[in-house]
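Everything below concerns the one structure shown next.
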Amino acid sequence: MLNKFCLLLFLLSSNFSVFSTSYAYEFVEVKADENGFDLNLGVLKNFQGSQLCSVAENTKNYLDEHSADTFGVKAGDVFGQNISLDQVKYTLNYICEIYRDDIKAQRPSRLHDAKFLKKNFVFYRWMPDVQTAKEIAIKSTNAVKSRMLNNIPDDKIFLTKYYTKTLSASPVKTDEYNQALYKLPFDEKDLSLEEADKDKSLTRFKFTRQEVIDGALLKDNLAEPLVWISEESLHDVLLQGTGVLTVNGKLRYFNVHRNNGIAYDYSIGKREQSRYWYFAEVPSIMGYGKTLASKIAVKPHVTFAGNVKDLGLGKLFLVSFVEQGERISRMGVLADQGGAFDDNLFQLDLLVESYKGWEDYHQANKTMPDYAQAWLLLKK
């Protein structure tokens with residue numbers, strides 16, 4: 001805690017103001033370019049204004065249309081009364097206003113102009129919850145994960161990347177494609193989420209991932225297979241939440257729908273997880289949503305998954321890091337979540353492209369560092 005205290009003491013002495021506090025994390029307002037402090041954002045690149053606007057607009061629409069979703073539609077539990085939901089919506093609207101004005105005026109994107117951002121947005125530096133990360137690292141059975149969690153700096157978040165798997169699949173079971181993505185079980189296909197979650201006797205809550213893989217659903221015809229994939233692919237799709245599958249030469253998208261009620265265990269690997277998801281076919285890559293029909297359509301490079309419960313849906317984040325000797329910053333909207341973010345205030349997950357597997361993903365993203373400075377941005 002000594003390093004954390006010294007760091008915060010330095011920040012507060014540099015004309016910063018604490019925005020929201022806890023013993024474990026901070027959001028600190030940065031007074032950019034005052035008293036000699038320069039907010040160095042480097043070059044803003046590797047994202048498109050059109051796609052940032054698309055995700056901002058889709059997320060704003062969700063906030064407007066689903067006020068009953070008290071889990072995600074809120075200013076954010078960690079911010080107390082310091083942020084209003086209207087400020088979040090105003091910021092998302094402003095992103096699209098700037099993008100469209102720049103297109104109409106045929107001028108370079110101001111969303112990629114660091115001076116413009118510093119002039120028009122308030123920046124709140126995210127100081128991560130490294131204490132919780134280290135507690136998870138102690139319990140983890142994965143040596144690499146433990147090392148990465150232990151190495152999170154006091155002043156940078158853990159910036160992970162997630163992607164959609166491009167996989168081959170079969171409409172029927174074969175020796176190779178022997179695991180199904182299942183629709184919701186038959187006993188809850190006509191139930192709302194609220195109705196279904198009250199009845200723990202439903203099929204969905206009876207089986208672990210390992211039991212489903214062993215054929216529990218097939219044995220008594222409890223759910224309809226949507227499509228068939230390999231077991232390794234199944235673990236990947238369950239982890240990523242979306243599968244981009246080629247079936248008989250046609251590209252189709254499948255998204256997680258409802259799970260078996262078992263929490264994701266951050267300390268173990270993907271194959272050991274007991275959590276299991278049932279799927280639905282969707283028109284594109286989808287992010288957060290309380291129901292399948294309400295899920296937010298998201299785009300690569302401008303979408304973050306994170307702790308929606310504590311941070312609130314729709315936050316505009318900017319991350320900054322040095323990649324191959326160059327300071328790079330990029331923006332994205334918190335429009336997705338996952339089990340790994342429960343009680344997690346040290347990490348954001350950036351949606352990148354679709355890949356066939358780890359090797360393709362690693363080759364495309366290997367120069368992006370694992371830790372980054374991060375700011376919450378709100379329109380002034």
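Chain labels run A, B, ... following the order of the structure tokens; each chain numbers its residues from 1, and ligands are numbered from 1 in the order shown.
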Report task. For Phe205 in chain A, list every protein, DNA or RNA residue within 9 Å, evaluated using only C-alpha atoms, and leave out those in the same chain fewer than 4 positions away; present the list as a PyMOL selection string. Result -> chain A and resi 199-201+259-262
Would you give me, as CSV, each residue of range 277-341 of chain A having an atom within 9 Å of an atom of range 75-91 of chain A, along with its shortest atom pair and that distance in Å to one decimal, using only C-alpha atoms and sorting by chain and residue number?
residue,atom,partner,partner_atom,distance
A:Val308,CA,A:Gly76,CA,8.0
A:Lys309,CA,A:Gly76,CA,7.2
A:Asp310,CA,A:Asp77,CA,4.8
A:Leu311,CA,A:Gly76,CA,4.4
A:Gly312,CA,A:Gly76,CA,4.2
A:Leu313,CA,A:Gly76,CA,7.8
A:Gly314,CA,A:Val88,CA,6.7
A:Lys315,CA,A:Val88,CA,6.4
A:Leu316,CA,A:Thr91,CA,7.6
Requested in this report: From a DSSP pass on the backbone, collect the residues of range 69-273 of chain A flagged as helix (DSSP H, G or I) and hand them back as an NGL selection string.
Outcome: :A and (77-79 or 85-105 or 110-112 or 114-120 or 130-139 or 143-150 or 186-188 or 193-197 or 203-205 or 209-213 or 216-219 or 231-240 or 270-272)
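Comparing the minimum interatomic distances between Ile98 in chain A and each of A:Lys295, A:Asp342, A:Lys379, A:Asn61, counting only C-alpha atoms, we find that A:Lys379 sits nearest.
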Requested in this report: Find the residues near Leu44 in chain A: any atom within 8 Å, counting only C-alpha atoms, skip ones fewer than 6 places away on the same chain, and give them as a count of residues only.
Outcome: 6
Requested in this report: Using DSSP on the backbone coordinates, identify the residues of range 123-349 of chain A assigned to strand (DSSP E); present them as a ChimeraX atom specification.
Outcome: /A:123-127,157-169,179-182,225-229,242-247,250-259,277-282,303-305,316-323,326-336,347-349
List every residue of range 320-362 of chain A that has an atom at most 9 Å from any atom of range 279-289 of chain A, and for each one report the closest atom pair and its distance in Å to one decimal, counting only C-alpha atoms, with rows sorted by chain and then by increasing residue number, as JSON lines.
{"residue": "A:Ala335", "atom": "CA", "partner": "A:Tyr288", "partner_atom": "CA", "distance": 5.7}
{"residue": "A:Asp336", "atom": "CA", "partner": "A:Tyr288", "partner_atom": "CA", "distance": 4.4}
{"residue": "A:Gln337", "atom": "CA", "partner": "A:Tyr288", "partner_atom": "CA", "distance": 6.2}
{"residue": "A:Gly338", "atom": "CA", "partner": "A:Tyr288", "partner_atom": "CA", "distance": 8.9}
Selection from above, N, CA, C and O atoms, as a compact mmCIF listing (two decimals), in the first residue's frame, can you write it?
# COMPACT_ATOMS: atom_id res chain seq x y z
N ALA A 335 -19.56 -1.33 -23.61
CA ALA A 335 -20.82 -1.82 -24.18
C ALA A 335 -20.94 -3.33 -24.08
O ALA A 335 -21.80 -3.92 -24.74
N ASP A 336 -20.10 -3.95 -23.28
CA ASP A 336 -20.13 -5.40 -23.14
C ASP A 336 -19.63 -5.76 -21.75
O ASP A 336 -19.03 -4.92 -21.05
N GLN A 337 -19.88 -6.98 -21.34
CA GLN A 337 -19.43 -7.44 -20.03
C GLN A 337 -19.07 -8.92 -20.11
O GLN A 337 -19.03 -9.51 -21.19
N GLY A 338 -18.79 -9.50 -18.98
CA GLY A 338 -18.47 -10.93 -18.91
C GLY A 338 -18.27 -11.32 -17.47
O GLY A 338 -18.07 -10.47 -16.59
Using 12 Å as the limit and counting only C-alpha atoms, can you tabulate each residue of range 269-365 of chain A that touches range 152-155 of chain A, with its shortest atom-to-atom distance in Å and the two atoms involved, as a Markdown table?
| residue | atom | partner | partner_atom | distance |
| --- | --- | --- | --- | --- |
| A:Ser320 | CA | A:Asp155 | CA | 11.7 |
| A:Phe321 | CA | A:Asp155 | CA | 11.9 |
| A:Leu345 | CA | A:Ile152 | CA | 11.8 |
| A:Phe346 | CA | A:Ile152 | CA | 8.2 |
| A:Gln347 | CA | A:Ile152 | CA | 9.5 |
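Shortest separation to Thr164 in chain A among A:Leu181, A:Ala137, A:Leu245, A:Val144 occurs at residue A:Leu245, atoms counted being only C-alpha atoms.
Residue neighbourhood of Val322 in chain A, excluding near-sequence residues (fewer than 2 positions): Gly42, Ser320, Gln324, Gly325, Glu326, Arg327, Ile328, Ser329, Met368, Pro369 and Ala372 of chain A, at 9 Å, using only C-alpha atoms.
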Next, the residues of the selection above should be written as a PDB file, in the first residue's frame with N, CA and C atoms.
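Written output follows (part_14.pdb):
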ATOM      1  N   GLY A  42      -0.126  11.296 -27.031  1.00  0.00           N
ATOM      2  CA  GLY A  42       0.539  10.779 -28.219  1.00  0.00           C
ATOM      3  C   GLY A  42      -0.338  10.899 -29.451  1.00  0.00           C
ATOM      4  N   SER A 320      -4.162   4.502 -23.179  1.00  0.00           N
ATOM      5  CA  SER A 320      -2.942   5.015 -23.788  1.00  0.00           C
ATOM      6  C   SER A 320      -1.765   4.141 -23.379  1.00  0.00           C
ATOM      7  N   GLN A 324       5.703  -0.282 -29.766  1.00  0.00           N
ATOM      8  CA  GLN A 324       6.832  -0.188 -30.700  1.00  0.00           C
ATOM      9  C   GLN A 324       7.428   1.220 -30.713  1.00  0.00           C
ATOM     10  N   GLY A 325       7.602   1.777 -29.516  1.00  0.00           N
ATOM     11  CA  GLY A 325       8.265   3.066 -29.351  1.00  0.00           C
ATOM     12  C   GLY A 325       7.384   4.280 -29.555  1.00  0.00           C
ATOM     13  N   GLU A 326       6.108   4.097 -29.859  1.00  0.00           N
ATOM     14  CA  GLU A 326       5.213   5.220 -30.130  1.00  0.00           C
ATOM     15  C   GLU A 326       4.094   5.261 -29.103  1.00  0.00           C
ATOM     16  N   ARG A 327       3.831   6.455 -28.551  1.00  0.00           N
ATOM     17  CA  ARG A 327       2.707   6.636 -27.643  1.00  0.00           C
ATOM     18  C   ARG A 327       1.411   6.657 -28.455  1.00  0.00           C
ATOM     19  N   ILE A 328       0.516   5.723 -28.162  1.00  0.00           N
ATOM     20  CA  ILE A 328      -0.740   5.583 -28.887  1.00  0.00           C
ATOM     21  C   ILE A 328      -1.896   5.661 -27.908  1.00  0.00           C
ATOM     22  N   SER A 329      -2.945   6.363 -28.287  1.00  0.00           N
ATOM     23  CA  SER A 329      -4.179   6.402 -27.509  1.00  0.00           C
ATOM     24  C   SER A 329      -5.344   6.017 -28.411  1.00  0.00           C
ATOM     25  N   MET A 368       0.772  -5.027 -28.836  1.00  0.00           N
ATOM     26  CA  MET A 368      -0.009  -4.214 -27.904  1.00  0.00           C
ATOM     27  C   MET A 368       0.305  -4.655 -26.479  1.00  0.00           C
ATOM     28  N   PRO A 369       0.683  -3.736 -25.607  1.00  0.00           N
ATOM     29  CA  PRO A 369       1.081  -4.123 -24.251  1.00  0.00           C
ATOM     30  C   PRO A 369      -0.099  -4.588 -23.415  1.00  0.00           C
ATOM     31  N   ALA A 372      -2.112  -0.438 -19.550  1.00  0.00           N
ATOM     32  CA  ALA A 372      -2.286   0.860 -20.204  1.00  0.00           C
ATOM     33  C   ALA A 372      -2.813   1.880 -19.204  1.00  0.00           C
TER      34      ALA A 372
END
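You can rank A:Leu202, A:Leu376, A:Cys53, A:Leu239 by their closest distance to Leu318 in chain A using only C-alpha atoms, and at the top of that list sits A:Leu376.
Straight-line separation from CA of Pro171 in chain A to CA of Gln210 in chain A: 22.2 Å.
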Query raised in the report: Of the candidates A:His301, A:Lys104, A:Arg209, A:Lys118, which shows the shortest atom-to-atom distance to Asn40 in chain A, using only C-alpha atoms?
Result: A:Lys118
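Every protein, DNA or RNA residue with an atom at most 7 Å from Val247 in chain A, where only C-alpha atoms count and chain neighbours fewer than 6 positions away do not, is listed here: A:Ser168, A:Ala169, A:Ser170, A:Pro171.
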Please produce an output containing N, CA, C and O atoms for each residue in the selection, written as a CSV table (one decimal), in the first residue's frame.
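out_38.csv written:
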chain,number,residue,atom,x,y,z
A,168,SER,N,-15.2,-23.3,-38.3
A,168,SER,CA,-16.0,-24.2,-39.2
A,168,SER,C,-17.0,-25.0,-38.3
A,168,SER,O,-16.7,-25.3,-37.1
A,169,ALA,N,-18.2,-25.2,-38.8
A,169,ALA,CA,-19.2,-25.9,-38.0
A,169,ALA,C,-20.0,-26.8,-39.0
A,169,ALA,O,-19.9,-26.7,-40.2
A,170,SER,N,-20.8,-27.6,-38.4
A,170,SER,CA,-21.7,-28.5,-39.1
A,170,SER,C,-23.1,-28.5,-38.7
A,170,SER,O,-23.4,-28.3,-37.5
A,171,PRO,N,-24.1,-28.6,-39.6
A,171,PRO,CA,-25.5,-28.6,-39.2
A,171,PRO,C,-25.9,-29.9,-38.5
A,171,PRO,O,-26.9,-30.0,-37.9
